[in-house]
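Report on one structure; see the data block that follows.
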Amino acid sequence: MRNSRSGRRQSASGRATRREFLRNGTIAATGLALMGSSSGQSVAAGNPPGNPPDGAQPGAPSNGSGLKLISPSFETSPQYLATYPASDRARRLMQQATVIDTLFSAVYPLQWKSDDQFHPVMRECIAAGINVLGYCTSADVASPDPAAVLAGLKFPLRKIAERPDLYVLVRSVDDIREAKKQGKLGIYFVHQGTNQFGADVDNVALMRQLGFGYCLLVYNNSNAVGGGCADAVDRGLTPFGRRLIQAYNRYGMVVDVTHTGNRTALDACEVSAQPVIASHSGAKGVFASFRNLSDDLIKAIAGTGGVCSIFSTGAYVDPSNPAVVGPEILFKHIDYICQLVGSSKHAGYGSDWIPDMNKTMELVLSKASAYPDMGMPPGTTKKAISMYGPTPMPARILPALVDQMLNHGYSDQDCANVLGENNLRVFGAVWGGSSRAIVEHQGFQEDWR
């Protein structure tokens, strides 16, 4: 395995200036219009009640699209209620390691039941030993308006401000280490897509200052950067995409190829001078769904010094698409990556967990081209929606996943690598050790008057 590689107003071309980018944020409340824990009775993981056809319970309610839902609401679904037994050793390792979930899908209000849900969910993460969340505030698929990115920040920033004793915004590995030392949950932001940059790659600098650690190059369908994983044809990284990746490298934003087409992602690994990640994907060698990574891409990401973080959305990681996702299948994806590259240093964890699935189900149903059944049995997506995902809560499944690794001969250090040390290494290489102001590139100059 090889080592890591080391003033104008809006123009006639119509590119968005940084002044306009910020100004639009003040009127962006409508940009997320489309976007809309209490503990319950535990359900043994892998043993949901009943086994009706396609996961739907007889007489279960419909959501208006003809789907028979597995339960009346997400909060009463088997997956939401599932808990996972874990050993004391695994729970102890969770407390000792730096644990990073590289994609916590929590767009507000699309993916939350209410404002009051935030603190209980986060306290459960903290109690389990999770130290850092890559908090997804927005996605191109939910709103094409770049101002929605700024609107999406308002909710988590307000919640962080409400409880500074619990949370801290992190922009560097020093911030992460300090958060762990103080017992706080570190949060950085993620946007899934690149629409917010317009035609101006120097807007990357603004996103970094706002606390974004990475913005996915593509979300399922092709854009100005390149092809998406849901496209029938991926023509590769565009000239604009190359310039954008160079800006990522220049301003300290991690290149994330999740949801990106295979050829475009491979091109990104070639262009980037810094480590590349897949923040929430699976391995095609375990399950060949369109959302998962080819062997060539896993090797290419590892070759940059990067990390492939496995996610836990059942329809994409488990061929059986169960009502309750278990740690066994997640381990298979991690083990596959580790065996393929010959090391535990290039695998991680990014849950893709959503606090409330109800509105997201409607969004997925309305975006057929973005959520195809490519590589999966016909009807998989609709079946997954009828079961509210399913994606297990990271705080509950991670200790059981650690046990899977330990039971299969992985060491404590291997577990620590996958839980967060690998991504911490990447963040150190790209973000740097200490938070700093973005050094202005010549192209960043602009008339702000």
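As shown in the structure tokens, the chain order sets the letters A, B, ...; within each chain, residues go from 1, and ligands are also counted from 1 in the order they appear.
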List the neighbours of A:Asp174 out to 8 Å using only C-alpha atoms; skip same-chain residues closer than 2 positions along the sequence, and give me the result as a VMD selection string.
chain A and resid 172 176 to 178 433 to 435
Report the distance between atom CA of A:Pro377 and atom CA of A:Ile334 in Å, rounded to one decimal place.
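Result for atom CA of A:Pro377 versus atom CA of A:Ile334: 23.0 Å, one decimal.
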DSSP on the backbone, strand (DSSP E) only: what residues of stretch 90-323 of chain A does that give? Format it as a ChimeraX atom specification.
/A:100-105,132-139,167-169,185-192,212-215,255-256,276-281,307-310
N, CA and C atoms of the current selection, written as a compact mmCIF listing (two decimals), in the first residue's frame:
```txt
# COMPACT_ATOMS: atom_id res chain seq x y z
N ILE A 100 -15.66 8.79 16.04
CA ILE A 100 -16.16 9.78 15.09
C ILE A 100 -17.19 9.13 14.17
N ASP A 101 -18.37 9.71 14.12
CA ASP A 101 -19.39 9.33 13.15
C ASP A 101 -19.31 10.35 12.03
N THR A 102 -18.84 9.93 10.85
CA THR A 102 -18.53 10.88 9.79
C THR A 102 -19.73 11.35 8.98
N LEU A 103 -20.92 10.82 9.24
CA LEU A 103 -22.12 11.36 8.60
C LEU A 103 -23.35 11.05 9.45
N PHE A 104 -23.76 12.05 10.18
CA PHE A 104 -24.96 11.97 11.02
C PHE A 104 -26.01 12.81 10.30
N SER A 105 -26.98 12.16 9.66
CA SER A 105 -27.91 12.86 8.78
C SER A 105 -29.02 13.50 9.61
N VAL A 132 -17.41 12.80 18.29
CA VAL A 132 -17.52 13.76 17.19
C VAL A 132 -18.58 13.30 16.20
N LEU A 133 -19.39 14.26 15.72
CA LEU A 133 -20.36 13.99 14.68
C LEU A 133 -20.09 14.87 13.47
N GLY A 134 -20.06 14.25 12.29
CA GLY A 134 -20.10 15.00 11.05
C GLY A 134 -21.57 15.25 10.75
N TYR A 135 -22.05 16.41 11.16
CA TYR A 135 -23.48 16.72 11.18
C TYR A 135 -23.92 17.26 9.82
N CYS A 136 -24.76 16.51 9.13
CA CYS A 136 -25.25 16.93 7.81
C CYS A 136 -26.38 17.93 7.98
N THR A 137 -26.16 19.15 7.51
CA THR A 137 -27.14 20.22 7.65
C THR A 137 -28.03 20.39 6.43
N SER A 138 -27.62 19.85 5.28
CA SER A 138 -28.32 20.15 4.04
C SER A 138 -27.83 19.21 2.94
N ALA A 139 -28.61 19.15 1.84
CA ALA A 139 -28.24 18.30 0.71
C ALA A 139 -28.85 18.86 -0.56
N TYR A 167 -21.69 20.73 23.98
CA TYR A 167 -21.25 20.70 22.58
C TYR A 167 -20.19 21.75 22.30
N VAL A 168 -19.40 21.46 21.26
CA VAL A 168 -18.43 22.43 20.79
C VAL A 168 -18.27 22.26 19.29
N LEU A 169 -18.18 23.37 18.56
CA LEU A 169 -17.94 23.34 17.12
C LEU A 169 -16.46 23.08 16.89
N LEU A 185 -19.37 16.83 23.14
CA LEU A 185 -19.57 16.29 21.80
C LEU A 185 -19.11 17.33 20.78
N GLY A 186 -18.08 16.99 20.01
CA GLY A 186 -17.61 17.87 18.96
C GLY A 186 -18.49 17.72 17.73
N ILE A 187 -18.80 18.85 17.09
CA ILE A 187 -19.65 18.84 15.90
C ILE A 187 -19.00 19.67 14.81
N TYR A 188 -18.89 19.10 13.61
CA TYR A 188 -18.56 19.86 12.42
C TYR A 188 -19.66 19.60 11.40
N PHE A 189 -19.71 20.39 10.36
CA PHE A 189 -20.84 20.33 9.44
C PHE A 189 -20.47 19.70 8.10
N VAL A 190 -21.48 19.10 7.47
CA VAL A 190 -21.32 18.45 6.17
C VAL A 190 -22.50 18.87 5.29
N HIS A 191 -22.21 19.18 4.03
CA HIS A 191 -23.27 19.37 3.03
C HIS A 191 -23.09 18.30 1.97
N GLN A 192 -24.21 17.71 1.54
CA GLN A 192 -24.14 16.64 0.55
C GLN A 192 -24.40 17.23 -0.85
N PHE A 212 -17.73 23.75 8.01
CA PHE A 212 -17.93 22.57 7.17
C PHE A 212 -16.60 21.84 6.97
N GLY A 213 -16.58 20.56 7.32
CA GLY A 213 -15.37 19.75 7.15
C GLY A 213 -15.24 19.20 5.76
N TYR A 214 -16.37 18.89 5.12
CA TYR A 214 -16.39 18.44 3.74
C TYR A 214 -17.78 18.62 3.16
N CYS A 215 -17.80 18.75 1.84
CA CYS A 215 -19.04 18.80 1.06
C CYS A 215 -18.90 17.75 -0.03
N VAL A 255 -11.89 16.00 0.66
CA VAL A 255 -12.56 15.53 -0.55
C VAL A 255 -13.33 14.26 -0.20
N ASP A 256 -14.66 14.30 -0.36
CA ASP A 256 -15.53 13.18 0.00
C ASP A 256 -16.23 12.68 -1.26
N VAL A 276 -8.35 11.36 0.54
CA VAL A 276 -9.75 11.35 0.11
C VAL A 276 -10.53 10.39 1.00
N ILE A 277 -11.79 10.71 1.27
CA ILE A 277 -12.62 9.81 2.07
C ILE A 277 -13.92 9.48 1.34
N ALA A 278 -14.55 8.40 1.78
CA ALA A 278 -15.96 8.14 1.52
C ALA A 278 -16.60 8.15 2.89
N SER A 279 -17.36 9.19 3.21
CA SER A 279 -17.83 9.40 4.58
C SER A 279 -18.92 8.43 5.00
N HIS A 280 -19.68 7.87 4.04
CA HIS A 280 -20.74 6.91 4.41
C HIS A 280 -21.10 6.07 3.18
N SER A 281 -20.42 4.96 3.05
CA SER A 281 -20.62 4.05 1.93
C SER A 281 -20.41 2.62 2.41
N VAL A 307 -9.85 7.21 3.96
CA VAL A 307 -10.66 6.29 4.75
C VAL A 307 -12.00 6.04 4.06
N CYS A 308 -12.43 4.77 4.07
CA CYS A 308 -13.75 4.37 3.60
C CYS A 308 -14.60 4.08 4.84
N SER A 309 -15.52 4.97 5.17
CA SER A 309 -16.36 4.78 6.36
C SER A 309 -17.65 4.08 5.96
N ILE A 310 -17.89 2.93 6.58
CA ILE A 310 -19.06 2.15 6.23
C ILE A 310 -20.30 2.77 6.90
```
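Between atom CA of A:Ile397 and atom CA of A:Gly342 there is a distance of 25.2 Å.
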Which residues are close to A:Gly375, i.e. within 8 Å by only C-alpha atoms, leaving aside same-chain residues fewer than 3 positions away? Reply as a list in words.
Ala288, Ser289 and Phe290 of chain A
Please produce a file of those selected residues containing N, CA and C atoms, as a PDB file, in the first residue's frame.
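So the final result, stored in selection.pdb, reads:
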```pdb
ATOM      1  N   ALA A 288     -23.555  -5.404  -3.947  1.00  0.00           N
ATOM      2  CA  ALA A 288     -23.291  -4.571  -5.114  1.00  0.00           C
ATOM      3  C   ALA A 288     -24.397  -3.548  -5.383  1.00  0.00           C
ATOM      4  N   SER A 289     -24.870  -2.852  -4.352  1.00  0.00           N
ATOM      5  CA  SER A 289     -25.832  -1.779  -4.574  1.00  0.00           C
ATOM      6  C   SER A 289     -25.115  -0.564  -5.148  1.00  0.00           C
ATOM      7  N   PHE A 290     -25.881   0.309  -5.800  1.00  0.00           N
ATOM      8  CA  PHE A 290     -25.276   1.453  -6.480  1.00  0.00           C
ATOM      9  C   PHE A 290     -24.576   2.400  -5.522  1.00  0.00           C
TER      10      PHE A 290
END
```
Apply DSSP to the backbone of this structure and, from stretch 104-152 of chain A, keep only the residues in helix (DSSP H, G or I); write these as a PDB file with C-alpha atoms, in the first residue's frame.
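Output file selection-v2.pdb is given in full below:
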```pdb
ATOM      1  CA  ASP A 115     -36.732  20.834  18.388  1.00  0.00           C
ATOM      2  CA  ASP A 116     -36.965  18.985  21.692  1.00  0.00           C
ATOM      3  CA  GLN A 117     -35.600  15.767  20.191  1.00  0.00           C
ATOM      4  CA  PHE A 118     -32.093  17.169  19.692  1.00  0.00           C
ATOM      5  CA  HIS A 119     -30.637  17.144  23.208  1.00  0.00           C
ATOM      6  CA  PRO A 120     -31.891  13.637  24.206  1.00  0.00           C
ATOM      7  CA  VAL A 121     -30.456  12.139  20.999  1.00  0.00           C
ATOM      8  CA  MET A 122     -27.125  13.862  21.507  1.00  0.00           C
ATOM      9  CA  ARG A 123     -26.932  12.882  25.166  1.00  0.00           C
ATOM     10  CA  GLU A 124     -27.368   9.244  24.126  1.00  0.00           C
ATOM     11  CA  CYS A 125     -24.454   9.647  21.698  1.00  0.00           C
ATOM     12  CA  ILE A 126     -22.276  11.188  24.429  1.00  0.00           C
ATOM     13  CA  ALA A 127     -23.141   8.441  26.931  1.00  0.00           C
ATOM     14  CA  ALA A 128     -22.148   5.755  24.417  1.00  0.00           C
ATOM     15  CA  ALA A 147     -29.023  29.580   0.425  1.00  0.00           C
ATOM     16  CA  ALA A 148     -30.524  26.434   1.966  1.00  0.00           C
ATOM     17  CA  VAL A 149     -27.024  25.573   3.155  1.00  0.00           C
ATOM     18  CA  LEU A 150     -26.984  28.638   5.384  1.00  0.00           C
ATOM     19  CA  ALA A 151     -30.567  28.090   6.486  1.00  0.00           C
ATOM     20  CA  GLY A 152     -29.693  24.545   7.469  1.00  0.00           C
TER      21      GLY A 152
END
```
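Compared by their closest atoms to A:Gly193, and using only C-alpha atoms, the residues A:Lys154, A:Arg208, A:Pro164, A:Asp140 rank with A:Asp140 nearest.
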Identify which of the residues A:Gln404, A:Asp356, A:Ala179, A:Tyr371 lies closest to A:Glu328, counting only C-alpha atoms when measuring atom-to-atom distances.
A:Gln404
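Using only C-alpha atoms for every distance, the candidate list A:Pro327, A:Tyr410, A:His346, A:Asn423 yields A:Pro327 as the residue closest to A:Thr83.
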Polymer residues at most 12 Å from A:Leu93, only C-alpha atoms, same-chain spacing of 2 or more positions, as JSON, numbers by chain:
{"A": [86, 87, 88, 89, 90, 91, 95, 96, 97, 98, 99, 128, 129, 130, 398, 399, 400, 401, 402, 403, 405, 406, 411, 412, 413, 414, 415, 416, 417, 418, 419, 420]}
When you look at stretch 316-323 of chain A with a cut-off of 10 Å (counting only C-alpha atoms), what residues show up, excluding the ones that are within fewer than 5 positions of it in the same chain? I need them as a ChimeraX atom specification.
/A:45-49,51,54-56,70,77-80,82,281-284,286-292,310-311,328-330,332-333,373,375-377,380-381,383-384,386-391
